[in-house]
file input-v8.tsv (TSV, C-alpha atoms)
chain	number	residue	atom	x	y	z
A	1	MET	CA	6.50	16.17	-13.29
A	2	THR	CA	6.99	13.14	-11.08
A	3	GLU	CA	4.96	10.00	-11.71
A	4	LEU	CA	4.36	7.93	-8.60
A	5	LEU	CA	3.08	4.38	-8.70
A	6	LEU	CA	1.50	3.73	-5.30
A	7	ILE	CA	1.35	-0.05	-5.04
A	8	ARG	CA	-0.36	-2.09	-2.37
A	9	HIS	CA	1.36	-5.26	-1.17
A	10	GLY	CA	0.22	-8.74	-2.13
A	11	LEU	CA	-1.87	-11.10	-0.01
A	12	PRO	CA	-0.18	-11.67	3.37
A	13	THR	CA	-0.42	-14.64	5.68
A	14	ARG	CA	-2.76	-14.56	8.66
A	15	VAL	CA	-0.72	-13.95	11.82
A	16	ASN	CA	-1.40	-13.90	15.56
A	17	VAL	CA	1.54	-13.57	17.93
A	18	ASP	CA	1.63	-13.92	21.71
A	19	ASN	CA	4.56	-11.56	22.17
A	20	GLY	CA	5.63	-8.69	19.96
A	21	TYR	CA	4.02	-7.33	16.83
A	22	ALA	CA	2.68	-8.98	13.70
A	23	ASP	CA	4.69	-8.37	10.54
A	24	PRO	CA	3.44	-11.07	8.19
A	25	ASP	CA	5.17	-12.49	5.15
A	26	LEU	CA	3.33	-12.89	1.89
A	27	ASP	CA	1.09	-15.88	1.37
A	28	PRO	CA	2.16	-18.07	-1.60
A	29	ARG	CA	-0.64	-16.44	-3.58
A	30	GLY	CA	0.77	-13.05	-2.60
A	31	HIS	CA	4.13	-14.07	-4.04
A	32	ALA	CA	2.36	-15.14	-7.25
A	33	GLN	CA	0.60	-11.77	-7.43
A	34	SER	CA	3.93	-10.01	-6.96
A	35	GLU	CA	5.64	-11.95	-9.74
A	36	LEU	CA	2.83	-11.02	-12.13
A	37	LEU	CA	3.06	-7.40	-11.04
A	38	GLY	CA	6.82	-7.36	-11.63
A	39	GLU	CA	6.35	-8.68	-15.15
A	40	TYR	CA	3.58	-6.15	-15.82
A	41	LEU	CA	5.74	-3.20	-14.73
A	42	ARG	CA	9.13	-4.30	-16.03
A	43	SER	CA	8.89	-2.10	-19.16
A	44	GLU	CA	8.00	1.06	-17.20
A	45	PRO	CA	10.85	3.63	-16.94
A	46	ILE	CA	11.04	3.30	-13.15
A	47	SER	CA	14.17	4.88	-11.67
A	48	THR	CA	13.57	4.38	-7.94
A	49	ILE	CA	11.71	1.90	-5.76
A	50	TYR	CA	10.60	2.78	-2.24
A	51	VAL	CA	9.27	0.19	0.20
A	52	SER	CA	7.71	0.42	3.62
A	53	SER	CA	9.49	-1.08	6.61
A	54	MET	CA	7.09	-4.05	6.65
A	55	ARG	CA	7.84	-7.45	5.13
A	56	ARG	CA	4.73	-7.72	3.02
A	57	ALA	CA	5.60	-4.54	1.10
A	58	GLN	CA	9.27	-5.45	0.72
A	59	GLN	CA	8.47	-8.94	-0.56
A	60	THR	CA	5.95	-7.54	-3.04
A	61	ALA	CA	8.61	-5.21	-4.45
A	62	ALA	CA	11.26	-7.91	-4.76
A	63	PRO	CA	10.35	-9.35	-8.20
A	64	LEU	CA	10.22	-5.93	-9.87
A	65	ALA	CA	13.41	-4.79	-8.13
A	66	ARG	CA	15.16	-7.94	-9.35
A	67	LYS	CA	13.96	-7.48	-12.93
A	68	LEU	CA	15.03	-3.81	-13.02
A	69	GLY	CA	18.25	-4.21	-11.03
A	70	ILE	CA	17.16	-1.60	-8.49
A	71	THR	CA	17.85	-1.77	-4.76
A	72	PRO	CA	14.70	-0.65	-2.91
A	73	ILE	CA	14.90	2.19	-0.40
A	74	ILE	CA	13.11	1.65	2.92
A	75	GLU	CA	10.85	4.64	3.63
A	76	PRO	CA	9.17	4.63	7.08
A	77	ALA	CA	6.73	7.35	5.99
A	78	VAL	CA	4.80	4.81	3.89
A	79	THR	CA	4.56	2.13	6.59
A	80	GLU	CA	1.03	1.11	7.61
A	81	ASN	CA	-0.48	2.40	10.86
A	82	ASP	CA	-0.85	-1.04	12.48
A	83	THR	CA	2.78	-1.57	13.51
A	84	ARG	CA	1.78	-2.23	17.14
A	85	ALA	CA	-0.83	-4.88	16.30
A	86	ALA	CA	-0.26	-8.42	17.54
A	87	HIS	CA	-2.40	-9.86	14.76
A	88	TYR	CA	-2.89	-9.52	11.03
A	89	ILE	CA	-6.07	-10.92	9.56
A	90	PRO	CA	-6.92	-9.88	5.99
A	91	ALA	CA	-9.94	-7.58	6.07
A	92	GLU	CA	-11.77	-9.60	3.43
A	93	GLU	CA	-11.57	-12.66	5.73
A	94	LEU	CA	-13.06	-10.69	8.60
A	95	LYS	CA	-15.88	-9.39	6.43
A	96	ALA	CA	-16.65	-12.83	5.00
A	97	ALA	CA	-16.92	-14.17	8.55
A	98	GLY	CA	-19.26	-11.35	9.59
A	99	ASP	CA	-16.65	-10.01	11.99
A	100	PRO	CA	-17.21	-6.26	12.59
A	101	ARG	CA	-13.48	-5.76	13.12
A	102	TRP	CA	-13.00	-5.38	9.37
A	103	ARG	CA	-14.49	-1.89	9.64
A	104	ASP	CA	-12.54	-1.09	12.80
A	105	GLY	CA	-9.38	-2.09	11.00
A	106	LEU	CA	-10.12	0.35	8.21
A	107	SER	CA	-10.96	3.27	10.47
A	108	ALA	CA	-8.58	2.44	13.35
A	109	THR	CA	-10.73	4.50	15.70
A	110	ASP	CA	-11.59	1.67	18.09
A	111	TRP	CA	-8.13	0.11	18.29
A	112	PRO	CA	-5.93	2.81	19.87
A	113	GLU	CA	-3.61	0.24	21.42
A	114	TYR	CA	-2.73	-1.07	17.94
A	115	TYR	CA	-3.03	1.86	15.58
A	116	GLU	CA	-1.28	5.15	15.14
A	117	PRO	CA	-3.82	8.00	15.55
A	118	LEU	CA	-5.46	8.65	12.20
A	119	GLU	CA	-4.61	12.35	12.06
A	120	THR	CA	-0.94	11.66	12.78
A	121	PHE	CA	-0.90	8.83	10.25
A	122	HIS	CA	-2.51	11.03	7.60
A	123	GLU	CA	0.03	13.80	8.14
A	124	ARG	CA	2.97	11.37	8.08
A	125	VAL	CA	1.87	9.81	4.80
A	126	VAL	CA	1.11	13.07	2.99
A	127	THR	CA	4.33	14.73	4.14
A	128	GLY	CA	6.40	11.69	3.22
A	129	ILE	CA	4.95	11.20	-0.26
A	130	ASP	CA	5.13	14.92	-1.04
A	131	ALA	CA	8.83	14.74	-0.10
A	132	MET	CA	9.31	11.91	-2.60
A	133	ILE	CA	7.79	14.05	-5.34
A	134	ALA	CA	10.15	16.89	-4.43
A	135	ARG	CA	13.18	14.55	-4.49
A	136	HIS	CA	12.34	13.08	-7.91
A	137	PRO	CA	11.06	15.98	-10.03
A	138	LYS	CA	11.25	14.17	-13.40
A	139	ASP	CA	11.25	10.50	-12.44
A	140	VAL	CA	8.91	7.53	-12.41
A	141	VAL	CA	8.94	6.14	-8.88
A	142	ALA	CA	7.35	2.95	-7.54
A	143	VAL	CA	6.22	3.03	-3.91
A	144	PHE	CA	5.33	-0.34	-2.38
A	145	CYS	CA	3.13	0.30	0.61
A	146	HIS	CA	-0.28	-0.41	2.13
A	147	SER	CA	-3.99	0.18	1.67
A	148	GLY	CA	-4.14	2.76	4.46
A	149	VAL	CA	-1.21	4.70	3.03
A	150	ILE	CA	-2.70	4.84	-0.46
A	151	ALA	CA	-6.12	5.79	0.92
A	152	ARG	CA	-4.67	8.60	3.03
A	153	TYR	CA	-2.79	10.17	0.13
A	154	THR	CA	-5.77	9.77	-2.17
A	155	ALA	CA	-7.98	11.46	0.44
A	156	ALA	CA	-5.57	14.39	0.59
A	157	MET	CA	-5.58	14.76	-3.20
A	158	LEU	CA	-9.37	14.71	-3.25
A	159	LYS	CA	-9.37	17.32	-0.47
A	160	LEU	CA	-11.35	15.06	1.83
A	161	PRO	CA	-11.10	15.66	5.58
A	162	TRP	CA	-8.45	13.57	7.34
A	163	GLU	CA	-11.24	11.84	9.29
A	164	GLN	CA	-12.71	10.43	6.06
A	165	THR	CA	-12.32	6.64	5.78
A	166	GLY	CA	-13.96	3.81	3.90
A	167	PHE	CA	-14.22	5.69	0.59
A	168	PHE	CA	-11.55	3.66	-1.19
A	169	TYR	CA	-9.95	0.25	-0.65
A	170	PRO	CA	-6.86	-0.59	-2.71
A	171	LEU	CA	-6.70	-4.16	-4.01
A	172	TYR	CA	-3.73	-6.50	-3.64
A	173	THR	CA	-0.80	-5.43	-5.86
A	174	SER	CA	-2.98	-2.68	-7.30
A	175	ILE	CA	-1.39	0.42	-8.81
A	176	THR	CA	-2.68	3.93	-8.16
A	177	ARG	CA	-0.86	6.43	-10.37
A	178	VAL	CA	-0.28	10.01	-9.30
A	179	VAL	CA	1.59	12.79	-11.05
A	180	GLY	CA	2.88	15.79	-9.17
A	181	GLY	CA	5.12	18.80	-9.34
A	182	ASP	CA	5.32	22.48	-8.53
A	183	THR	CA	1.89	23.14	-10.01
A	184	GLY	CA	0.00	20.51	-8.03
A	185	ARG	CA	-1.02	16.86	-7.97
A	186	MET	CA	-3.32	14.75	-10.14
A	187	ILE	CA	-4.67	11.21	-9.85
A	188	VAL	CA	-4.19	9.37	-13.14
A	189	THR	CA	-5.47	5.86	-12.36
A	190	VAL	CA	-6.84	4.05	-9.33
A	191	ASN	CA	-6.65	0.34	-8.45
A	192	GLU	CA	-5.03	-0.95	-11.65
A	193	THR	CA	-4.91	-4.77	-11.54
A	194	PRO	CA	-4.79	-6.02	-15.16
A	195	HIS	CA	-2.00	-8.42	-14.20
A	196	LEU	CA	-4.46	-10.33	-11.98
A	197	ARG	CA	-7.19	-10.67	-14.59
A	198	ASP	CA	-8.24	-14.28	-15.28
A	199	THR	CA	-5.58	-15.65	-12.92
A	200	GLY	CA	-7.93	-16.85	-10.20
A	201	LEU	CA	-5.79	-15.05	-7.62
A	202	PRO	CA	-7.62	-13.07	-4.92
A	203	THR	CA	-7.85	-9.32	-5.27
A	204	GLY	CA	-8.88	-8.59	-1.69
A	205	SER	CA	-12.05	-6.82	-2.77
A	206	LEU	CA	-14.44	-5.94	0.06
A	207	PHE	CA	-17.36	-5.14	-2.24
call {"tool": "encode", "arguments": {"input": "input-v8.tsv", "output": "structure tokens"}}
result
Amino acid sequence: MTELLLIRHGLPTRVNVDNGYADPDLDPRGHAQSELLGEYLRSEPISTIYVSSMRRAQQTAAPLARKLGITPIIEPAVTENDTRAAHYIPAEELKAAGDPRWRDGLSATDWPEYYEPLETFHERVVTGIDAMIARHPKDVVAVFCHSGVIARYTAAMLKLPWEQTGFFYPLYTSITRVVGGDTGRMIVTVNETPHLRDTGLPTGSLF
């Protein structure tokens, strides 16, 4: 059986660009979250680290990769669906300000100019993560990605329709553990964040 650790990135900076697409770096607090995560996971028997093509995921993976001496592999299949967006505003900031865009950002239905279509995104994520499981039949693999990616794969495992959104929101640097193999898939844990407990660092909770 493969054990996958699906890990959301740390807190990013808020970004608005006039030309091109937003690909924010981590906020200093996001770097702090990532260092704590790396220390928390350093004793796990992780053999491979995958990262999305976005900076926030790659920077979150860096402390653990450094501690384990592993070079991360960029995997486009686990990149978020907002690669065409000219802005990145953390959803919890939008919600706190009463801005309805926090829900649009989760569902992506009202932002077609920014977001990959949800059905296509869902298929990309599920196909890509299933391929990882097939490539690493007996390994522990860390996948540094995004809330939408983790939610899509979790939805597939729960046999929810691809249209289903808003049922689960991964926290910053949270770990969702999945095991999989020829006989199927199983969710082991969801939204692990013990490394953030009592630190005063934000979790990104929307509830």
call {"tool": "residues_around", "arguments": {"input": "input-v8.tsv", "residues": "segment 76-86 of chain A", "least_positions_apart": "3", "cutoff": "7 Å", "atoms": "only C-alpha atoms", "output": "PyMOL selection string"}}
result
chain A and resi 16-17+20-22+52-54+114-116+121+124-125+128+145-146+148-149
call {"tool": "atom_distance", "arguments": {"input": "input-v8.tsv", "atom1": "atom CA of Arg197 of chain A", "atom2": "atom CA of Leu6 of chain A"}}
result
19.2 Å
call {"tool": "atom_distance", "arguments": {"input": "input-v8.tsv", "atom1": "atom CA of Asn191 of chain A", "atom2": "atom CA of Glu119 of chain A"}}
result
23.9 Å
call {"tool": "closest_residue", "arguments": {"input": "input-v8.tsv", "among": "A:Gly10, A:Gly30, A:Pro117, A:Gly38", "to": "Ser174 of chain A", "atoms": "all atoms listed in the file"}}
result
A:Gly10
call {"tool": "closest_residue", "arguments": {"input": "input-v8.tsv", "among": "A:Ala151, A:Val178, A:Ala91, A:Leu64", "to": "Asp130 of chain A", "atoms": "all atoms listed in the file"}}
result
A:Val178
call {"tool": "residues_around", "arguments": {"input": "input-v8.tsv", "residues": "Glu44 of chain A", "least_positions_apart": "4", "cutoff": "10 Å", "atoms": "all atoms listed in the file", "output": "VMD selection string"}}
result
chain A and resid 40 68 140 to 142
call {"tool": "atom_distance", "arguments": {"input": "input-v8.tsv", "atom1": "atom CA of Leu94 of chain A", "atom2": "atom CA of Pro24 of chain A"}}
result
16.5 Å
call {"tool": "residues_around", "arguments": {"input": "input-v8.tsv", "residues": "Thr203 of chain A", "least_positions_apart": "6", "cutoff": "12 Å", "atoms": "all atoms listed in the file", "output": "list in words"}}
result
Arg8, His9, Gly10, Leu11, Pro12, Arg29, Gly30, Ala32, Gln33, Ser34, Pro90, Ala91, Glu92, Tyr169, Pro170, Leu171, Tyr172, Thr173, Ser174, Asn191, Glu192, Thr193, Pro194, His195, Leu196 and Arg197 of chain A
call {"tool": "closest_residue", "arguments": {"input": "input-v8.tsv", "among": "A:Val188, A:Ile46, A:Leu160, A:Ala57", "to": "Asp23 of chain A", "atoms": "all atoms listed in the file"}}
result
A:Ala57
call {"tool": "axis_aligned_box", "arguments": {"input": "input-v8.tsv", "around": "segment 165-173 of chain A", "padding_each_side": "3 Å", "output": "JSON"}}
result
{"center_x": -7.5, "center_y": 0.1, "center_z": 0.0, "size_x": 19.4, "size_y": 19.1, "size_z": 17.6}
call {"tool": "closest_residue", "arguments": {"input": "input-v8.tsv", "among": "A:Ile89, A:Val126, A:Met1, A:Ala97", "to": "Gly184 of chain A", "atoms": "only C-alpha atoms"}}
result
A:Met1
